[in-house]
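Structure data follow from run_33.pdb (PDB, C-alpha atoms, pLDDT in the B column):
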MODEL        1
ATOM      1  CA  MET A 214     -10.067  38.581   3.231  1.00 58.00           C
ATOM      2  CA  SER A 215      -7.415  39.970   0.895  1.00 71.00           C
ATOM      3  CA  ASN A 216      -6.938  38.768  -2.655  1.00 73.00           C
ATOM      4  CA  GLU A 217      -3.605  37.237  -1.666  1.00 76.00           C
ATOM      5  CA  SER A 218      -5.207  35.270   1.165  1.00 70.00           C
ATOM      6  CA  MET A 219      -8.015  34.098  -1.105  1.00 69.00           C
ATOM      7  CA  MET A 220      -5.459  32.990  -3.687  1.00 74.00           C
ATOM      8  CA  THR A 221      -3.520  31.044  -1.027  1.00 74.00           C
ATOM      9  CA  VAL A 222      -6.682  29.348   0.248  1.00 70.00           C
ATOM     10  CA  GLY A 223      -7.692  28.520  -3.330  1.00 72.00           C
ATOM     11  CA  ILE A 224      -4.311  26.999  -4.156  1.00 77.00           C
ATOM     12  CA  LEU A 225      -4.276  24.967  -0.932  1.00 74.00           C
ATOM     13  CA  GLY A 226      -7.818  23.804  -1.654  1.00 71.00           C
ATOM     14  CA  CYS A 227      -6.786  22.644  -5.135  1.00 75.00           C
ATOM     15  CA  VAL A 228      -3.760  20.803  -3.711  1.00 77.00           C
ATOM     16  CA  PHE A 229      -5.976  19.020  -1.150  1.00 74.00           C
ATOM     17  CA  VAL A 230      -8.501  18.085  -3.848  1.00 75.00           C
ATOM     18  CA  ILE A 231      -5.722  16.657  -6.040  1.00 81.00           C
ATOM     19  CA  LEU A 232      -4.284  14.694  -3.097  1.00 77.00           C
ATOM     20  CA  ASN A 233      -7.794  13.449  -2.325  1.00 76.00           C
ATOM     21  CA  VAL A 234      -8.152  12.145  -5.874  1.00 79.00           C
ATOM     22  CA  VAL A 235      -4.732  10.462  -5.684  1.00 80.00           C
ATOM     23  CA  PHE A 236      -5.574   8.743  -2.379  1.00 74.00           C
ATOM     24  CA  LEU A 237      -8.988   7.668  -3.680  1.00 78.00           C
ATOM     25  CA  ALA A 238      -7.344   6.184  -6.790  1.00 80.00           C
ATOM     26  CA  ILE A 239      -4.808   4.277  -4.661  1.00 75.00           C
ATOM     27  CA  ILE A 240      -7.581   2.957  -2.418  1.00 76.00           C
ATOM     28  CA  PHE A 241      -9.737   2.024  -5.422  1.00 79.00           C
ATOM     29  CA  PHE A 242      -6.990   0.105  -7.242  1.00 80.00           C
ATOM     30  CA  THR A 243      -5.799  -1.600  -4.044  1.00 74.00           C
ATOM     31  CA  GLN A 244      -9.360  -2.697  -3.287  1.00 76.00           C
ATOM     32  CA  ARG A 245      -9.738  -4.027  -6.842  1.00 79.00           C
ATOM     33  CA  LYS A 246      -6.535  -6.024  -6.474  1.00 76.00           C
ATOM     34  CA  MET A 247      -7.626  -7.365  -3.065  1.00 73.00           C
ATOM     35  CA  ASN A 248     -10.968  -8.448  -4.546  1.00 75.00           C
ATOM     36  CA  ALA A 249      -9.181 -10.222  -7.408  1.00 78.00           C
ATOM     37  CA  VAL A 250      -6.750 -11.961  -5.023  1.00 82.00           C
ATOM     38  CA  GLN A 251      -9.681 -13.473  -3.095  1.00 87.00           C
ATOM     39  CA  SER A 252     -10.378 -15.791  -6.043  1.00 89.00           C
ATOM     40  CA  TRP A 253      -6.750 -16.657  -6.851  1.00 94.00           C
ATOM     41  CA  SER A 254      -5.456 -20.199  -6.637  1.00 95.00           C
ATOM     42  CA  SER A 255      -2.933 -21.252  -4.027  1.00 96.00           C
ATOM     43  CA  ALA A 256       0.182 -23.400  -3.887  1.00 97.00           C
ATOM     44  CA  MET A 257       2.684 -24.257  -1.186  1.00 97.00           C
ATOM     45  CA  GLY A 258       5.920 -22.355  -1.418  1.00 98.00           C
ATOM     46  CA  THR A 259       9.205 -21.965   0.422  1.00 98.00           C
ATOM     47  CA  VAL A 260      10.710 -18.749   1.760  1.00 98.00           C
ATOM     48  CA  MET A 261      14.156 -18.428   0.203  1.00 98.00           C
ATOM     49  CA  ALA A 262      15.154 -15.197   1.961  1.00 97.00           C
ATOM     50  CA  SER A 263      13.612 -12.939   4.583  1.00 97.00           C
ATOM     51  CA  TYR A 264      15.284  -9.770   5.845  1.00 96.00           C
ATOM     52  CA  LEU A 265      14.897  -6.068   6.535  1.00 94.00           C
ATOM     53  CA  GLU A 266      16.109  -3.603   3.951  1.00 93.00           C
ATOM     54  CA  ARG A 267      16.912  -0.074   5.083  1.00 91.00           C
ATOM     55  CA  ARG A 268      15.955   2.566   2.535  1.00 86.00           C
ATOM     56  CA  SER A 269      16.885   6.217   2.775  1.00 82.00           C
ATOM     57  CA  SER A 270      14.842   9.174   1.671  1.00 70.00           C
ATOM     58  CA  SER A 271      15.015  12.920   2.207  1.00 69.00           C
ATOM     59  CA  ASP A 272      13.182  12.617   5.549  1.00 70.00           C
ATOM     60  CA  GLY A 273      15.254   9.774   7.022  1.00 77.00           C
ATOM     61  CA  SER A 274      15.416   6.047   6.550  1.00 82.00           C
ATOM     62  CA  THR A 275      12.860   3.286   6.972  1.00 87.00           C
ATOM     63  CA  ASN A 276      13.038  -0.497   7.215  1.00 90.00           C
ATOM     64  CA  TYR A 277      11.111  -2.493   4.616  1.00 92.00           C
ATOM     65  CA  PRO A 278      10.477  -6.233   4.789  1.00 93.00           C
ATOM     66  CA  VAL A 279      11.877  -8.298   1.929  1.00 96.00           C
ATOM     67  CA  VAL A 280      10.508 -11.824   1.585  1.00 97.00           C
ATOM     68  CA  GLN A 281      11.562 -13.854  -1.448  1.00 98.00           C
ATOM     69  CA  TYR A 282       9.786 -17.138  -2.031  1.00 98.00           C
ATOM     70  CA  SER A 283       9.535 -19.914  -4.598  1.00 98.00           C
ATOM     71  CA  TYR A 284       6.521 -22.000  -5.606  1.00 98.00           C
ATOM     72  CA  GLN A 285       5.367 -24.297  -8.403  1.00 98.00           C
ATOM     73  CA  VAL A 286       2.304 -24.189 -10.606  1.00 97.00           C
ATOM     74  CA  GLY A 287       1.702 -27.048 -13.030  1.00 95.00           C
ATOM     75  CA  GLY A 288       5.296 -28.223 -12.684  1.00 95.00           C
ATOM     76  CA  GLN A 289       6.642 -24.780 -13.586  1.00 97.00           C
ATOM     77  CA  ALA A 290       8.840 -23.066 -10.954  1.00 98.00           C
ATOM     78  CA  TYR A 291       8.186 -19.431 -10.043  1.00 98.00           C
ATOM     79  CA  GLN A 292       9.686 -16.922  -7.655  1.00 98.00           C
ATOM     80  CA  GLY A 293       7.976 -14.008  -5.989  1.00 97.00           C
ATOM     81  CA  ALA A 294       8.674 -11.195  -3.578  1.00 96.00           C
ATOM     82  CA  LYS A 295       5.311  -9.460  -3.236  1.00 94.00           C
ATOM     83  CA  ILE A 296       3.908  -9.854   0.251  1.00 93.00           C
ATOM     84  CA  ALA A 297       0.429  -8.363  -0.182  1.00 88.00           C
ATOM     85  CA  PRO A 298      -1.651  -6.512  -2.777  1.00 84.00           C
ATOM     86  CA  GLY A 299      -1.272  -2.750  -2.794  1.00 74.00           C
ATOM     87  CA  MET A 300       1.629  -0.527  -1.967  1.00 70.00           C
ATOM     88  CA  GLU A 301       4.780  -1.756  -0.320  1.00 72.00           C
ATOM     89  CA  VAL A 302       4.778  -0.819   3.367  1.00 73.00           C
ATOM     90  CA  GLY A 303       7.722  -0.315   5.670  1.00 76.00           C
ATOM     91  CA  GLY A 304       8.170   1.042   9.143  1.00 78.00           C
ATOM     92  CA  THR A 305       7.533  -0.327  12.610  1.00 78.00           C
ATOM     93  CA  GLY A 306       5.741  -3.494  11.448  1.00 82.00           C
ATOM     94  CA  ALA A 307       8.506  -4.559   9.051  1.00 87.00           C
ATOM     95  CA  GLY A 308      10.252  -6.695  11.661  1.00 90.00           C
ATOM     96  CA  ARG A 309       7.046  -8.604  12.427  1.00 91.00           C
ATOM     97  CA  VAL A 310       6.635  -9.429   8.730  1.00 91.00           C
ATOM     98  CA  VAL A 311      10.166 -10.841   8.539  1.00 94.00           C
ATOM     99  CA  GLU A 312       9.518 -12.871  11.715  1.00 95.00           C
ATOM    100  CA  LYS A 313       6.270 -14.192  10.242  1.00 95.00           C
ATOM    101  CA  TYR A 314       8.074 -15.476   7.122  1.00 96.00           C
ATOM    102  CA  PRO A 315      11.468 -16.863   8.237  1.00 97.00           C
ATOM    103  CA  GLN A 316      13.883 -18.304   5.683  1.00 97.00           C
ATOM    104  CA  GLY A 317      13.072 -21.951   4.940  1.00 97.00           C
ATOM    105  CA  ALA A 318       9.446 -21.712   6.103  1.00 97.00           C
ATOM    106  CA  GLN A 319       6.677 -23.367   4.114  1.00 98.00           C
ATOM    107  CA  VAL A 320       4.096 -20.754   3.105  1.00 98.00           C
ATOM    108  CA  MET A 321       0.840 -20.585   1.196  1.00 97.00           C
ATOM    109  CA  VAL A 322       1.305 -18.568  -1.993  1.00 97.00           C
ATOM    110  CA  PHE A 323      -1.724 -17.067  -3.727  1.00 96.00           C
ATOM    111  CA  TYR A 324      -1.247 -16.679  -7.472  1.00 97.00           C
ATOM    112  CA  ASP A 325      -3.246 -15.426 -10.431  1.00 96.00           C
ATOM    113  CA  PRO A 326      -4.337 -18.539 -12.376  1.00 96.00           C
ATOM    114  CA  ASN A 327      -4.174 -16.489 -15.601  1.00 95.00           C
ATOM    115  CA  ASN A 328      -0.649 -15.275 -14.790  1.00 96.00           C
ATOM    116  CA  PRO A 329       1.004 -17.576 -12.218  1.00 97.00           C
ATOM    117  CA  SER A 330       4.024 -15.281 -11.925  1.00 96.00           C
ATOM    118  CA  ASP A 331       1.754 -12.714 -10.228  1.00 95.00           C
ATOM    119  CA  ALA A 332       1.635 -13.864  -6.597  1.00 96.00           C
ATOM    120  CA  VAL A 333       1.283 -12.676  -2.999  1.00 95.00           C
ATOM    121  CA  LEU A 334       1.597 -14.227   0.447  1.00 95.00           C
ATOM    122  CA  GLU A 335      -1.323 -12.336   1.984  1.00 91.00           C
ATOM    123  CA  LYS A 336      -4.756 -11.551   0.567  1.00 86.00           C
ATOM    124  CA  LYS A 337      -5.225  -8.229   2.360  1.00 77.00           C
ATOM    125  CA  ALA A 338      -3.365  -4.977   1.792  1.00 64.00           C
ATOM    126  CA  ARG A 339      -1.041  -4.140   4.652  1.00 57.00           C
ATOM    127  CA  ALA A 340      -1.782  -0.451   5.290  1.00 56.00           C
ATOM    128  CA  GLN A 341      -4.998   0.385   3.543  1.00 57.00           C
ATOM    129  CA  TRP A 342      -6.243   1.936   6.811  1.00 59.00           C
ATOM    130  CA  LEU A 343      -3.467   4.533   6.484  1.00 60.00           C
ATOM    131  CA  MET A 344      -4.775   5.649   3.096  1.00 63.00           C
ATOM    132  CA  TRP A 345      -8.291   6.016   4.548  1.00 65.00           C
ATOM    133  CA  LEU A 346      -6.900   7.998   7.480  1.00 70.00           C
ATOM    134  CA  LEU A 347      -5.008  10.355   5.168  1.00 68.00           C
ATOM    135  CA  LEU A 348      -8.111  10.769   3.047  1.00 70.00           C
ATOM    136  CA  VAL A 349     -10.199  11.685   6.100  1.00 74.00           C
ATOM    137  CA  VAL A 350      -7.534  14.158   7.296  1.00 74.00           C
ATOM    138  CA  PHE A 351      -7.449  15.864   3.903  1.00 69.00           C
ATOM    139  CA  ASP A 352     -11.255  15.955   3.753  1.00 73.00           C
ATOM    140  CA  VAL A 353     -11.437  17.560   7.205  1.00 76.00           C
ATOM    141  CA  MET A 354      -8.855  20.122   6.089  1.00 73.00           C
ATOM    142  CA  LEU A 355     -10.866  20.831   2.949  1.00 71.00           C
ATOM    143  CA  CYS A 356     -14.049  21.303   4.978  1.00 73.00           C
ATOM    144  CA  GLY A 357     -12.247  23.617   7.381  1.00 73.00           C
ATOM    145  CA  MET A 358     -10.918  25.676   4.500  1.00 68.00           C
ATOM    146  CA  ALA A 359     -14.376  25.840   2.923  1.00 69.00           C
ATOM    147  CA  ILE A 360     -15.888  27.013   6.217  1.00 70.00           C
ATOM    148  CA  ALA A 361     -13.144  29.593   6.738  1.00 67.00           C
ATOM    149  CA  PHE A 362     -13.520  30.777   3.160  1.00 63.00           C
ATOM    150  CA  GLY A 363     -17.303  31.019   3.616  1.00 62.00           C
ATOM    151  CA  PHE A 364     -16.981  33.119   6.782  1.00 59.00           C
ATOM    152  CA  ALA A 365     -14.620  35.493   4.975  1.00 55.00           C
ATOM    153  CA  PHE A 366     -17.485  36.669   2.777  1.00 55.00           C
TER     154      PHE A 366
ENDMDL
END
Once more with this new file: its structure as structure tokens, please.
Amino acid sequence: MSNESMMTVGILGCVFVILNVVFLAIIFFTQRKMNAVQSWSSAMGTVMASYLERRSSSDGSTNYPVVQYSYQVGGQAYQGAKIAPGMEVGGTGAGRVVEKYPQGAQVMVFYDPNNPSDAVLEKKARAQWLMWLLLVVFDVMLCGMAIAFGFAF
């Protein structure tokens, strides 16, 4: 294997390791938030608005669900828009989320008793499986590169 090829494999390996660390950090912090949400208090709330928002990026556009809700804790009114712990997720399931939370619907809101303005409608992250899948794909790629690199010597 030439020096240039070894350098390319090394750089790709480093990129995959860095991406692995990023995905592991996202999964770790999402899991921590989901564990914390399990013990949060709840209050009834009302969906004030529920719609799809189209967002553009360099690789096209994607629909994201937007659900705005209000709730009260100890007589104090709050508003929230976070659906679930973790990253915001758009795509094919966005329409189902909007259908699940129609405007005017009564919903259970889970809020942090230490910071009632921090609230979600769902206790589980929406696409944590996707992060695990990406992590596995990158790990398989890393293993393949390690095997290929090993056979080169």
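Restricting the calculation to all atoms listed in the file, the smallest distance between Asn276 in chain A and any of A:Lys295, A:Arg309, A:Lys337, A:Lys246 is found for A:Arg309.
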Using all atoms of range 236-239 of chain A that appear in the file, construct an axis-aligned enclosing box with 5 Å of padding on every side and provide its centre coordinates and edge lengths in Å, rounded to one decimal, as JSON.
{"center_x": -6.9, "center_y": 6.5, "center_z": -4.6, "size_x": 14.2, "size_y": 14.5, "size_z": 14.4}
Give me the result of the PyMOL selection byres ((chain A and resi 281) around 7) on this file, residue by residue, as a list in words.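 Taken on the displayed file, the PyMOL selection byres ((chain A and resi 281) around 7) yields the residues Val260, Met261, Ala262, Ser263, Val279, Val280, Tyr282, Gly293 and Ala294 of chain A.
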Output the selection as a JSON list (two decimals), in the frame of the given file - C-alpha atoms for each residue.
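Okay, out32.json is ready:
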[["chain", "number", "residue", "atom", "x", "y", "z"],
["A", 260, "VAL", "CA", 10.71, -18.75, 1.76],
["A", 261, "MET", "CA", 14.16, -18.43, 0.20],
["A", 262, "ALA", "CA", 15.15, -15.20, 1.96],
["A", 263, "SER", "CA", 13.61, -12.94, 4.58],
["A", 279, "VAL", "CA", 11.88, -8.30, 1.93],
["A", 280, "VAL", "CA", 10.51, -11.82, 1.58],
["A", 282, "TYR", "CA", 9.79, -17.14, -2.03],
["A", 293, "GLY", "CA", 7.98, -14.01, -5.99],
["A", 294, "ALA", "CA", 8.67, -11.20, -3.58]]
Between A:Leu346, A:Val302, A:Val250, A:Met257, which residue has the minimum interatomic distance to Gln319 in chain A, considering all atoms listed in the file?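 Once distances to Gln319 in chain A are computed over all atoms listed in the file, the minimum belongs to A:Met257.
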Running the PyMOL selection byres ((chain A and resi 336) around 9) on this model by hand, what would come out? Give it as a list in words.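 Checking the PyMOL selection byres ((chain A and resi 336) around 9) against this file, the residues are Met247, Asn248, Val250, Gln251, Ile296, Ala297, Pro298, Phe323, Val333, Leu334, Glu335, Lys337 and Ala338 of chain A.
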Given the file shown, enumerate the residues that the PyMOL selection byres ((chain A and resi 256) around 7) captures and present them as a PyMOL selection string. chain A and resi 255+257-258+284-285+321-323
Do you know which residues are at most 10 Å from Pro326 in chain A counting all atoms listed in the file, after dropping those on the same chain fewer than 5 positions away, and could you put them as a PyMOL selection string? chain A and resi 252-255+286+331-332
Interatomic distance, CA of Ala318 in chain A to CA of Thr259 in chain A (Å, one decimal):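 It comes out at 5.7 Å.
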I'd like to know which of A:Asp272, A:Val349, A:Met300, A:Val230 is closest to Gln244 in chain A, using all atoms listed in the file.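 Comparing A:Asp272, A:Val349, A:Met300, A:Val230 against Gln244 in chain A, the winner is A:Met300.
Each of A:Gly273, A:Ser283, A:Phe242, A:Gly226 was compared to Gln316 in chain A using only C-alpha atoms, and A:Ser283 turns out to be the nearest.
Taking only C-alpha atoms into account, Pro315 in chain A lies nearest to A:Leu265 out of the set A:Cys356, A:Leu265, A:Ala238, A:Val350.
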Residue with smallest distance to Ala307 in chain A - pool A:Phe241, A:Tyr277, A:Phe229, A:Tyr264, counting only C-alpha atoms: A:Tyr277
